[in-house]
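First comes the structure, then the notes that go with it.
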Amino acid sequence: QKEVEQNSGPLSVPEGAIASLNCTYSDRGSQSFFWYRQYSGKSPELIMFIYSNGDKEDGRFTAQLNKASQYVSLLIRDSQPSDSATYLCAAYTGGGNKLTFGTGTQLKVEL
Amino acid sequence: DVKVTQSSRYLVKRTGEKVFLECVQDMDHENMFWYRQDPGLGLRLIYFSYDVKMKEKGDIPEGYSVSREKKERFSLILESASTNQTSMYLCASRREGGRFEQYFGPGTRLTVT
């Protein structure tokens, strides 16, 4: 089992819809979680981080964390074509300093 | 804002050449990292450094070495470049401690011919 798992997609949503991206992790000790956006040919860009159970909102983005079920999600409201990218989930694992990345979910927002 | 810069965006080298990739961060971060990213394989950690002159092997260190002589600078060295090292190379930095966000540089697209 991979430490951080994501569905590779592509996830296609129409413009204006809510995109929901999911991530599961295997290490129950993980405390800090991150979402990165990566456009094709570019480097990952940090968009959200979450440490506590529940929701954290930042503009059109909402990160959700459920430690009991070991999943993290990212909701993008009013999706725009410019949101089309690969989204990487990351979590600290192994009880130490290791930040583990998922392989990413490709999101396509269609006109 | 945190800034991580890399010496080149694109680089073309010949097989057998020695290649230096440099990374500089301006936020006084203790930890620095080198990854490579290939389609379908995700981010793979090559080497990392917790402090000046300290280095640790990541998941795929073979064929690479690193140097960290100053806190803000972390170099990746390909001693003898090979075609299977053609990839996107990403540098990253963060504060020490298992809870802080990590920031990436713009990446270097290296092609070895």
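Letters for chains follow the order of the structure tokens (A, B, ...), residue numbers begin at 1 for each chain, and ligand numbers begin at 1 in the order shown.
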Exercise for the section: Write out as a ChimeraX atom specification the residues lying within 7 Å of Gln70 (chain A), counting only C-alpha atoms and excluding same-chain residues fewer than 3 positions away. Expected result: /A:24-26,66-67
Exercise for the section: Using only C-alpha atoms, find which residues of chain A lie within 9 Å of chain B and jot them down as a ChimeraX atom specification. Expected result: /A:31-34,41-46,49,51,91-93,95-99,101-104
Completion exercise
Judged by only C-alpha atoms, the minimum distance to Phe61 (chain A) among A:Gln106, A:Thr100, A:Ser82, A:Trp35 is found for A:Trp35
Handout entry: DSSP strand (DSSP E or B) residues within chain A, listed as JSON, numbers by chain
Key = {"A": [4, 5, 6, 11, 12, 13, 14, 19, 20, 21, 22, 23, 24, 25, 33, 34, 35, 36, 37, 38, 45, 46, 47, 48, 49, 50, 54, 55, 56, 57, 58, 61, 62, 63, 64, 65, 66, 71, 72, 73, 74, 75, 76, 85, 86, 87, 88, 89, 90, 91, 92, 93, 98, 99, 100, 101, 105, 106, 107, 108, 109, 110]}
Practice task
Using only C-alpha atoms, pick whichever of A:Thr62, A:Asn7, A:Ser12, A:Asn22 has the shortest atom-to-atom distance to Glu110 (chain A).
Solution key: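 Checking each candidate against Glu110 (chain A), we get A:Ser12 as the closest.
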Problem - region 61-75 of chain B surroundings by only C-alpha atoms, 9 Å radius, close-in-sequence under 4 positions cut, as an MDAnalysis selection string - result: chainID B and resid 20:34 45:49 51:55 57 79:82 85 91
Exercise for the section: Tell me, as a list in words, which residues lie within 6 Å of Val72 (chain A), counting only C-alpha atoms; anything in the same chain fewer than 6 positions away does not count. Expected result: Cys23, Gln64 and Leu65 of chain A
Test item: residues at most 10 Å from Asp83 (chain A), only C-alpha atoms, excluding those fewer than 4 positions along its chain, as a compact mmCIF listing (two decimals) with N, CA and C atoms, in the first residue's frame:
```
# COMPACT_ATOMS: atom_id res chain seq x y z
N GLU A 15 -17.05 23.83 -16.54
CA GLU A 15 -16.75 25.14 -15.97
C GLU A 15 -17.89 25.57 -15.04
N ALA A 19 -15.14 20.87 -8.24
CA ALA A 19 -14.23 19.74 -8.45
C ALA A 19 -13.83 19.20 -7.09
N ARG A 37 -0.56 22.41 -6.67
CA ARG A 37 -1.05 22.44 -8.05
C ARG A 37 0.17 22.47 -8.97
N GLN A 38 0.12 21.68 -10.02
CA GLN A 38 1.24 21.63 -10.96
C GLN A 38 0.71 21.71 -12.38
N TYR A 39 1.03 22.80 -13.05
CA TYR A 39 0.71 22.93 -14.46
C TYR A 39 1.75 22.15 -15.27
N ILE A 76 -12.71 22.50 -5.18
CA ILE A 76 -12.52 23.74 -5.93
C ILE A 76 -13.89 24.18 -6.41
N ASP A 78 -16.65 26.75 -8.28
CA ASP A 78 -16.67 27.58 -9.49
C ASP A 78 -15.42 27.30 -10.34
N SER A 79 -15.22 26.06 -10.69
CA SER A 79 -14.02 25.65 -11.44
C SER A 79 -13.87 26.45 -12.72
N TYR A 87 -2.99 17.89 -9.47
CA TYR A 87 -3.00 18.28 -8.06
C TYR A 87 -2.34 17.17 -7.24
N LEU A 107 -6.75 17.20 -13.30
CA LEU A 107 -8.07 17.82 -13.38
C LEU A 107 -8.19 18.56 -14.71
N LYS A 108 -9.31 18.33 -15.38
CA LYS A 108 -9.62 19.05 -16.62
C LYS A 108 -10.94 19.77 -16.43
N VAL A 109 -10.92 21.07 -16.58
CA VAL A 109 -12.14 21.87 -16.50
C VAL A 109 -12.54 22.25 -17.91
```
Completion exercise
Counting only C-alpha atoms, closest pick from A:Leu111, A:Leu74, A:Ala68, A:Leu21 relative to Met48 (chain A) is A:Leu74
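Counting only C-alpha atoms, the residue from A:Arg60, A:Ser40, A:Thr105, A:Tyr71 that sits nearest to Gly16 (chain A) is A:Arg60.
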Practice task
Using CA of Ala90 (chain A) and CA of Leu76 (chain B) as the two end points, give the distance in Å to one decimal.
Solution key: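 Distance between the two atoms: 23.4 Å.
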Problem - Distance criterion (only C-alpha atoms): nearest to Ser20 (chain A) out of A:Asn53, A:Arg77, A:Ser69, A:Asp58 - result: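 Closest to Ser20 (chain A), using only C-alpha atoms: A:Arg77.
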